[in-house]
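This is data.cif (mmCIF, C-alpha atoms).
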```
data_data
loop_
_atom_site.label_atom_id
_atom_site.label_comp_id
_atom_site.auth_asym_id
_atom_site.auth_seq_id
_atom_site.Cartn_x
_atom_site.Cartn_y
_atom_site.Cartn_z
CA MET A 678 19.36 -10.81 8.41
CA TRP A 679 17.99 -7.73 6.71
CA THR A 680 15.78 -5.28 8.56
CA ILE A 681 13.03 -3.42 6.72
CA PRO A 682 14.95 -0.09 6.63
CA GLU A 683 17.99 -1.91 5.22
CA ILE A 684 15.89 -3.39 2.42
CA TYR A 685 14.32 -0.03 1.64
CA GLU A 686 17.76 1.55 1.52
CA ALA A 687 19.14 -1.17 -0.76
CA TYR A 688 16.30 -0.56 -3.22
CA HIS A 689 16.54 3.24 -2.99
CA ILE A 690 12.95 3.62 -1.79
CA MET A 691 11.95 7.25 -1.32
CA PRO A 692 11.53 8.20 2.37
CA ASN A 693 7.85 9.08 1.94
CA LEU A 694 7.22 5.71 0.27
CA GLN A 695 9.09 3.95 3.06
CA MET A 696 6.80 5.61 5.59
CA HIS A 697 3.71 4.84 3.51
CA GLN A 698 4.52 1.13 3.46
CA LEU A 699 5.31 1.12 7.19
CA ARG A 700 2.02 2.87 7.96
CA VAL A 701 0.08 0.44 5.78
CA ALA A 702 1.77 -2.50 7.51
CA ALA A 703 0.98 -0.99 10.92
CA VAL A 704 -2.68 -0.65 9.96
CA GLY A 705 -2.65 -4.26 8.75
CA LYS A 706 -1.00 -5.46 11.95
CA ARG A 707 -3.49 -3.62 14.14
CA ILE A 708 -6.35 -5.28 12.29
CA CYS A 709 -4.72 -8.72 12.50
CA ASP A 710 -4.09 -8.28 16.24
CA HIS A 711 -7.83 -7.74 16.81
CA PHE A 712 -9.25 -10.12 14.18
CA SER A 713 -11.39 -13.00 15.40
CA GLY A 714 -10.85 -15.39 12.49
CA GLU A 715 -7.83 -17.36 11.30
CA LEU A 716 -5.26 -15.33 9.40
CA ASP A 717 -1.71 -15.62 8.13
CA SER A 718 -0.73 -12.39 9.85
CA GLN A 719 2.88 -12.60 8.68
CA ALA A 720 1.75 -12.76 5.04
CA VAL A 721 -0.45 -9.69 5.57
CA ILE A 722 2.37 -7.71 7.20
CA LEU A 723 4.95 -8.68 4.57
CA ALA A 724 2.60 -7.83 1.71
CA CYS A 725 1.88 -4.43 3.27
CA LEU A 726 5.58 -3.72 3.88
CA PHE A 727 6.50 -4.36 0.24
CA HIS A 728 3.35 -3.66 -1.78
CA ASP A 729 4.61 -0.44 -3.41
CA MET A 730 8.31 -1.15 -3.93
CA GLY A 731 8.14 -0.30 -7.64
CA ASN A 732 5.96 2.77 -7.34
CA ILE A 733 8.66 5.30 -8.24
CA ILE A 734 8.05 4.12 -11.82
CA LYS A 735 4.67 5.90 -11.86
CA PHE A 736 5.57 8.87 -9.66
CA ASP A 737 5.26 12.40 -10.95
CA LEU A 738 8.33 13.80 -9.21
CA ASN A 739 6.94 17.34 -9.52
CA TYR A 740 3.87 16.65 -7.37
CA PHE A 741 5.35 16.68 -3.85
CA PRO A 742 8.67 18.59 -4.13
CA LYS A 743 9.42 18.26 -0.42
CA PHE A 744 9.48 14.46 -0.77
CA LEU A 745 12.58 14.82 -2.97
CA GLU A 746 14.76 16.23 -0.22
CA PRO A 747 17.53 16.02 0.79
CA GLN A 748 18.81 14.15 -2.27
CA GLY A 749 17.04 16.37 -4.80
CA LYS A 750 15.05 15.83 -7.96
CA ALA A 751 17.99 14.82 -10.16
CA TYR A 752 18.87 11.96 -7.81
CA TRP A 753 15.33 10.54 -7.79
CA GLU A 754 15.01 10.96 -11.57
CA SER A 755 18.13 8.80 -11.85
CA VAL A 756 16.65 6.18 -9.50
CA LYS A 757 13.41 6.21 -11.52
CA ALA A 758 15.37 5.74 -14.75
CA ASP A 759 17.22 2.78 -13.23
CA TYR A 760 13.91 1.19 -12.20
CA LEU A 761 12.45 1.68 -15.67
CA HIS A 762 15.53 0.14 -17.24
CA LYS A 763 15.57 -2.87 -14.91
CA TYR A 764 11.88 -3.58 -14.39
CA GLY A 765 9.98 -1.87 -17.20
CA ALA A 766 7.09 0.59 -17.08
CA ASP A 767 4.60 -1.44 -15.00
CA GLU A 768 4.98 -0.59 -11.31
CA HIS A 769 2.94 -3.63 -10.27
CA ALA A 770 5.20 -5.97 -12.21
CA ALA A 771 8.21 -4.23 -10.68
CA SER A 772 6.91 -4.68 -7.14
CA ASN A 773 6.24 -8.34 -7.82
CA GLU A 774 9.71 -8.86 -9.27
CA ILE A 775 11.30 -7.24 -6.24
CA ALA A 776 9.20 -9.50 -4.01
CA LYS A 777 10.69 -12.46 -5.88
CA GLU A 778 14.20 -11.06 -5.43
CA LEU A 779 13.55 -10.79 -1.69
CA GLY A 780 12.46 -14.42 -1.59
CA LEU A 781 8.94 -13.65 -0.36
CA PRO A 782 6.50 -16.58 -0.44
CA GLU A 783 4.19 -16.94 -3.43
CA HIS A 784 1.13 -16.17 -1.31
CA VAL A 785 2.67 -12.85 -0.26
CA ARG A 786 3.51 -12.02 -3.89
CA ILE A 787 -0.10 -12.70 -4.88
CA LEU A 788 -1.34 -10.39 -2.13
CA ILE A 789 1.05 -7.68 -3.35
CA ASP A 790 -0.06 -8.05 -6.96
CA GLU A 791 -3.72 -7.66 -6.00
CA VAL A 792 -3.29 -4.22 -4.38
CA ARG A 793 -5.05 -2.33 -7.14
CA PHE A 794 -8.11 -0.08 -7.12
CA SER A 795 -9.46 -1.99 -10.12
CA ARG A 796 -9.62 -5.21 -8.11
CA LEU A 797 -11.56 -3.97 -5.09
CA ALA A 798 -14.78 -5.62 -6.27
CA LEU A 799 -12.98 -8.96 -6.58
CA ALA A 800 -11.69 -8.57 -3.02
CA ARG A 801 -15.18 -7.70 -1.76
CA ASP A 802 -16.61 -10.87 -3.29
CA SER A 803 -13.72 -13.11 -2.19
CA ALA A 804 -13.54 -15.18 0.98
CA ASP A 805 -9.84 -14.28 1.35
CA PHE A 806 -9.64 -11.97 4.35
CA GLU A 807 -5.86 -11.63 4.05
CA GLY A 808 -6.37 -10.02 0.65
CA LYS A 809 -9.17 -7.82 1.98
CA ILE A 810 -7.00 -6.59 4.86
CA VAL A 811 -3.99 -5.79 2.68
CA LYS A 812 -6.11 -3.79 0.23
CA TYR A 813 -8.04 -2.08 3.01
CA SER A 814 -4.87 -1.15 4.89
CA ASP A 815 -3.54 0.59 1.78
CA LEU A 816 -6.84 2.46 1.50
CA ARG A 817 -6.38 3.87 5.01
CA VAL A 818 -3.05 5.62 4.35
CA SER A 819 -2.63 8.91 2.48
CA PRO A 820 0.77 10.36 1.53
CA PHE A 821 0.89 12.02 4.96
CA SER A 822 -1.10 10.06 7.53
CA VAL A 823 -3.69 7.45 8.41
CA VAL A 824 -7.10 8.65 7.22
CA SER A 825 -10.59 7.30 6.59
CA VAL A 826 -11.29 5.24 3.48
CA MET A 827 -13.34 8.03 1.91
CA ASP A 828 -10.71 10.67 2.66
CA ARG A 829 -8.07 8.44 1.07
CA LEU A 830 -10.14 7.76 -2.04
CA GLU A 831 -11.00 11.43 -2.51
CA GLU A 832 -7.34 12.41 -2.01
CA GLY A 833 -6.25 9.90 -4.63
CA LYS A 834 -8.93 11.04 -7.05
CA GLY A 835 -7.77 14.62 -6.63
CA ARG A 836 -4.16 13.66 -7.20
CA TYR A 837 -5.00 11.91 -10.46
CA ALA A 838 -7.77 14.28 -11.51
CA THR A 839 -5.94 15.28 -14.69
CA LYS A 840 -5.97 11.70 -15.95
CA LYS A 841 -8.57 10.72 -18.52
CA GLN A 842 -10.30 8.05 -16.40
CA TYR A 843 -12.16 10.71 -14.44
CA GLU A 844 -13.38 12.59 -17.51
CA THR A 845 -15.86 10.03 -18.84
CA PRO A 846 -19.10 8.52 -17.53
CA GLU A 847 -17.38 5.12 -17.58
CA GLY A 848 -14.55 6.46 -15.45
CA VAL A 849 -16.94 8.00 -12.96
CA ALA A 850 -18.86 4.73 -12.77
CA ARG A 851 -15.63 2.78 -12.14
CA TYR A 852 -14.68 5.15 -9.34
CA GLU A 853 -18.10 4.92 -7.72
CA ALA A 854 -18.03 1.12 -7.97
CA GLY A 855 -14.60 1.13 -6.32
CA VAL A 856 -15.87 3.32 -3.49
CA GLU A 857 -18.81 0.99 -2.92
CA ALA A 858 -16.52 -2.05 -2.89
CA ALA A 859 -14.07 -0.38 -0.47
CA GLN A 860 -16.87 0.48 1.94
CA ALA A 861 -18.17 -3.10 1.76
CA ILE A 862 -14.69 -4.48 2.49
CA GLU A 863 -14.44 -2.23 5.53
CA GLN A 864 -17.76 -3.54 6.84
CA GLN A 865 -16.72 -7.17 6.21
CA ILE A 866 -13.43 -6.76 8.05
CA PHE A 867 -14.81 -5.00 11.11
CA GLU A 868 -17.63 -7.46 11.54
CA CYS A 869 -14.77 -9.80 12.53
CA CYS A 870 -12.77 -7.31 14.62
CA SER A 871 -12.88 -6.24 18.24
CA ILE A 872 -12.02 -2.65 17.28
CA ARG A 873 -13.74 -0.11 15.04
CA PRO A 874 -12.30 1.73 12.01
CA GLU A 875 -11.91 4.98 13.94
CA GLU A 876 -9.64 3.18 16.42
CA ILE A 877 -7.06 2.91 13.65
CA ASN A 878 -5.36 6.28 13.48
CA ASP A 879 -1.93 7.92 13.61
CA GLU A 880 -1.76 7.65 17.40
CA THR A 881 -2.61 3.95 17.60
CA VAL A 882 -0.36 2.84 14.72
CA ALA A 883 2.70 4.87 15.79
CA PRO A 884 4.13 2.23 18.17
CA LEU A 885 3.50 -0.47 15.58
CA ILE A 886 5.49 1.47 12.99
CA GLU A 887 8.48 1.52 15.34
CA GLU A 888 8.05 -2.21 15.97
CA LEU A 889 7.93 -2.93 12.24
CA ARG A 890 11.17 -1.04 11.61
CA ASN A 891 12.87 -3.95 13.38
CA TYR A 892 11.02 -6.59 11.38
CA SER A 893 13.58 -8.73 9.63
CA LEU A 894 13.91 -11.14 6.75
CA ALA A 895 16.27 -14.08 7.06
#
```
Take the structure in this file and express it as structure tokens.
Amino acid sequence: MWTIPEIYEAYHIMPNLQMHQLRVAAVGKRICDHFSGELDSQAVILACLFHDMGNIIKFDLNYFPKFLEPQGKAYWESVKADYLHKYGADEHAASNEIAKELGLPEHVRILIDEVRFSRLALARDSADFEGKIVKYSDLRVSPFSVVSVMDRLEEGKGRYATKKQYETPEGVARYEAGVEAAQAIEQQIFECCSIRPEEINDETVAPLIEELRNYSLA
């Protein structure tokens, strides 16, 4: 039986990305533990644990130099090249293919594939709370910690500010629509929870992260 760290190691997942996925899963678990409706909590946790497995494909390895240690930039460039060769240039497709390799259920793979900023409005309008929680959990985790939705969105916008989508009125409108959808999803989720958004933070998710390190796949 593989533990989560063993899977991450087998797929050469960068340490910061390992921690990101663990934090997202911990946020998702905390929500599930306090949710009043019916949920497939295992599907939520698995989707969160593996939602970004192919993300090295899109990484700019110059952005956070400290994330490259101790192996160094050349090592991670080699890993990125291997991912591009094996899975292609679409990080979402890569994550979904890895989910298949891991034998994750189809429902989990669908949840993973839907973790995209462009699909927040669809999640808002859907009755699928598992999908809402997976997307929302990802929106609560920055590269360094658990943060508010708005802090996370602004951090991501700043990180990708040089990309063309933020230089046009259409791009600005898409961002603002995504923000509105994310805020609506937060309201929908916590109308069904016994905790509030501010009760999800680094302190409250820390023990769940340690618990999830021992999560295993048969």
Quiz item: What do you get, as a list in words, if you spell out every residue that the PyMOL selection byres ((chain A and resi 786) around 9) selects here?
Solution: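 Answer for the PyMOL selection byres ((chain A and resi 786) around 9): Ala724, His728, Ser772, Asn773, Glu774, Ala776, Lys777, Leu781, Pro782, Glu783, His784, Val785, Ile787, Leu788, Ile789, Asp790 and Glu791 of chain A.
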Just the selected residues (C-alpha atoms), exported as an mmCIF file, in the coordinates of the input, please.
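Listed below is the output, out_7.cif:
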```
data_model
loop_
_atom_site.group_PDB
_atom_site.id
_atom_site.type_symbol
_atom_site.label_atom_id
_atom_site.label_comp_id
_atom_site.auth_asym_id
_atom_site.auth_seq_id
_atom_site.Cartn_x
_atom_site.Cartn_y
_atom_site.Cartn_z
ATOM 1 C CA ALA A 724 2.600 -7.830 1.710
ATOM 2 C CA HIS A 728 3.350 -3.660 -1.780
ATOM 3 C CA SER A 772 6.910 -4.680 -7.140
ATOM 4 C CA ASN A 773 6.240 -8.340 -7.820
ATOM 5 C CA GLU A 774 9.710 -8.860 -9.270
ATOM 6 C CA ALA A 776 9.200 -9.500 -4.010
ATOM 7 C CA LYS A 777 10.690 -12.460 -5.880
ATOM 8 C CA LEU A 781 8.940 -13.650 -0.360
ATOM 9 C CA PRO A 782 6.500 -16.580 -0.440
ATOM 10 C CA GLU A 783 4.190 -16.940 -3.430
ATOM 11 C CA HIS A 784 1.130 -16.170 -1.310
ATOM 12 C CA VAL A 785 2.670 -12.850 -0.260
ATOM 13 C CA ILE A 787 -0.100 -12.700 -4.880
ATOM 14 C CA LEU A 788 -1.340 -10.390 -2.130
ATOM 15 C CA ILE A 789 1.050 -7.680 -3.350
ATOM 16 C CA ASP A 790 -0.060 -8.050 -6.960
ATOM 17 C CA GLU A 791 -3.720 -7.660 -6.000
#
```
Practice problem: Would you mind telling me which residue in A:Val721, A:Ile872, A:Ala751, A:Val704 lies nearest to Arg817 (chain A) when using all atoms listed in the file? | Solution: A:Val704
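Remark: for Ile734 (chain A), the closest of the candidate residues A:Tyr764, A:Tyr688, A:Tyr752, A:Phe712 is A:Tyr764 (distances computed over all atoms listed in the file).
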Self-check item: Spatial neighbours of Leu885 (chain A), 10 Å, only C-alpha atoms, chain gap at least 2 places, as a ChimeraX atom specification
Solution: /A:699-700,702-707,880-883,887-890
Exercise. Would you kindly translate the PyMOL selection byres ((chain A and resi 874) around 10) into the concrete residues it picks from this file, as a list in words?
Key: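 After applying the PyMOL selection byres ((chain A and resi 874) around 10), what remains is Ile708, Arg817, Val824, Ser825, Val826, Glu863, Gln864, Ile866, Phe867, Cys870, Ile872, Arg873, Glu875, Glu876, Ile877 and Asn878 of chain A.
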Quiz item: Mind pulling up the distance from CA of Ser819 (chain A) to CA of Leu694 (chain A)?
Solution: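 Separation of CA of Leu694 (chain A) and CA of Ser819 (chain A): 10.6 Å.
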Quiz item: Applied to the shown file, which residues does the PyMOL selection byres ((chain A and resi 798) around 10) return, written as an NGL selection string?
Solution: :A and (794-797 or 799-803 or 854-859 or 861-862)
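Residue nearest Val792 (chain A), chosen from A:Ile690, A:Ile886, A:Ile684, A:Leu816 and counting all atoms listed in the file: A:Leu816.
Proximity to Ile810 (chain A) was assessed for A:Gln865, A:Thr680, A:Lys757, A:Asp729 counting all atoms listed in the file; the smallest distance is recorded for A:Gln865.
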Exercise. Tell me which of A:Val811, A:Ala766, A:Ala687, A:Val818 sits closest to Ile722 (chain A), counting only C-alpha atoms.
Key: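 Closest candidate: A:Val811.
The space between CA of Phe806 (chain A) and CA of Leu716 (chain A) spans 7.5 Å.
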Quiz item: Using only C-alpha atoms, which residue out of A:Met696, A:Val849, A:Met691, A:Glu768 lies closest to Leu738 (chain A)?
Solution: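 Ranking A:Met696, A:Val849, A:Met691, A:Glu768 by distance to Leu738 (chain A), first place goes to A:Met691.
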Quiz item: So how many Å separate CA of Gly780 (chain A) and CA of Trp679 (chain A), to one decimal?
Solution: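 The value is 12.0 Å.
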Working from the structure I just supplied, which lacks atoms in region 713-744 of chain A, can you model N, CA and C atoms there and output them as a short mmCIF file (atom, residue, chain, number, x, y, z; two decimals), in the frame of the given file?
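Here's the written file out-v5.cif:
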```cif
data_model
loop_
_atom_site.label_atom_id
_atom_site.label_comp_id
_atom_site.auth_asym_id
_atom_site.auth_seq_id
_atom_site.Cartn_x
_atom_site.Cartn_y
_atom_site.Cartn_z
N SER A 713 -10.90 -11.82 14.71
CA SER A 713 -11.39 -13.00 15.40
C SER A 713 -11.23 -14.29 14.60
N GLY A 714 -10.99 -14.19 13.31
CA GLY A 714 -10.85 -15.39 12.49
C GLY A 714 -9.39 -15.79 12.30
N GLU A 715 -9.18 -16.90 11.58
CA GLU A 715 -7.83 -17.36 11.30
C GLU A 715 -7.22 -16.53 10.18
N LEU A 716 -5.97 -16.14 10.39
CA LEU A 716 -5.26 -15.33 9.40
C LEU A 716 -3.79 -15.74 9.38
N ASP A 717 -3.17 -15.58 8.22
CA ASP A 717 -1.71 -15.62 8.13
C ASP A 717 -1.23 -14.19 8.30
N SER A 718 -1.07 -13.78 9.56
CA SER A 718 -0.73 -12.39 9.85
C SER A 718 0.61 -11.99 9.26
N GLN A 719 1.57 -12.92 9.24
CA GLN A 719 2.88 -12.60 8.68
C GLN A 719 2.76 -12.28 7.20
N ALA A 720 1.94 -13.03 6.47
CA ALA A 720 1.75 -12.76 5.04
C ALA A 720 1.14 -11.38 4.84
N VAL A 721 0.17 -11.02 5.67
CA VAL A 721 -0.45 -9.69 5.57
C VAL A 721 0.59 -8.60 5.80
N ILE A 722 1.38 -8.74 6.86
CA ILE A 722 2.37 -7.71 7.20
C ILE A 722 3.44 -7.60 6.11
N LEU A 723 3.93 -8.73 5.62
CA LEU A 723 4.95 -8.68 4.57
C LEU A 723 4.41 -8.06 3.30
N ALA A 724 3.19 -8.42 2.92
CA ALA A 724 2.60 -7.83 1.71
C ALA A 724 2.46 -6.31 1.86
N CYS A 725 2.02 -5.88 3.04
CA CYS A 725 1.88 -4.43 3.27
C CYS A 725 3.23 -3.73 3.24
N LEU A 726 4.25 -4.34 3.81
CA LEU A 726 5.58 -3.72 3.88
C LEU A 726 6.23 -3.55 2.51
N PHE A 727 5.82 -4.38 1.53
CA PHE A 727 6.50 -4.36 0.24
C PHE A 727 5.57 -4.16 -0.94
N HIS A 728 4.34 -3.71 -0.70
CA HIS A 728 3.35 -3.66 -1.78
C HIS A 728 3.62 -2.58 -2.82
N ASP A 729 4.39 -1.56 -2.48
CA ASP A 729 4.61 -0.44 -3.41
C ASP A 729 6.09 -0.25 -3.76
N MET A 730 6.86 -1.29 -3.73
CA MET A 730 8.31 -1.15 -3.93
C MET A 730 8.66 -0.57 -5.31
N GLY A 731 7.84 -0.81 -6.30
CA GLY A 731 8.14 -0.30 -7.64
C GLY A 731 7.44 0.98 -8.00
N ASN A 732 6.83 1.64 -7.01
CA ASN A 732 5.96 2.77 -7.34
C ASN A 732 6.66 4.02 -7.87
N ILE A 733 7.98 4.12 -7.69
CA ILE A 733 8.66 5.30 -8.24
C ILE A 733 8.49 5.34 -9.75
N ILE A 734 8.24 4.20 -10.37
CA ILE A 734 8.05 4.12 -11.82
C ILE A 734 6.90 5.02 -12.26
N LYS A 735 5.84 5.10 -11.45
CA LYS A 735 4.67 5.90 -11.86
C LYS A 735 4.64 7.29 -11.24
N PHE A 736 5.60 7.59 -10.37
CA PHE A 736 5.57 8.87 -9.66
C PHE A 736 5.79 10.05 -10.59
N ASP A 737 4.98 11.09 -10.38
CA ASP A 737 5.26 12.40 -10.95
C ASP A 737 6.12 13.13 -9.91
N LEU A 738 7.39 13.25 -10.20
CA LEU A 738 8.33 13.80 -9.21
C LEU A 738 8.15 15.30 -8.98
N ASN A 739 7.23 15.91 -9.72
CA ASN A 739 6.94 17.34 -9.52
C ASN A 739 5.80 17.55 -8.52
N TYR A 740 5.11 16.47 -8.13
CA TYR A 740 3.87 16.65 -7.37
C TYR A 740 4.10 17.04 -5.92
N PHE A 741 5.03 16.35 -5.24
CA PHE A 741 5.35 16.68 -3.85
C PHE A 741 6.84 17.01 -3.76
N PRO A 742 7.24 18.25 -4.10
CA PRO A 742 8.67 18.59 -4.13
C PRO A 742 9.40 18.30 -2.82
N LYS A 743 8.73 18.45 -1.69
CA LYS A 743 9.42 18.26 -0.42
C LYS A 743 9.80 16.79 -0.19
N PHE A 744 9.13 15.88 -0.90
CA PHE A 744 9.48 14.46 -0.77
C PHE A 744 10.82 14.14 -1.44
#
```
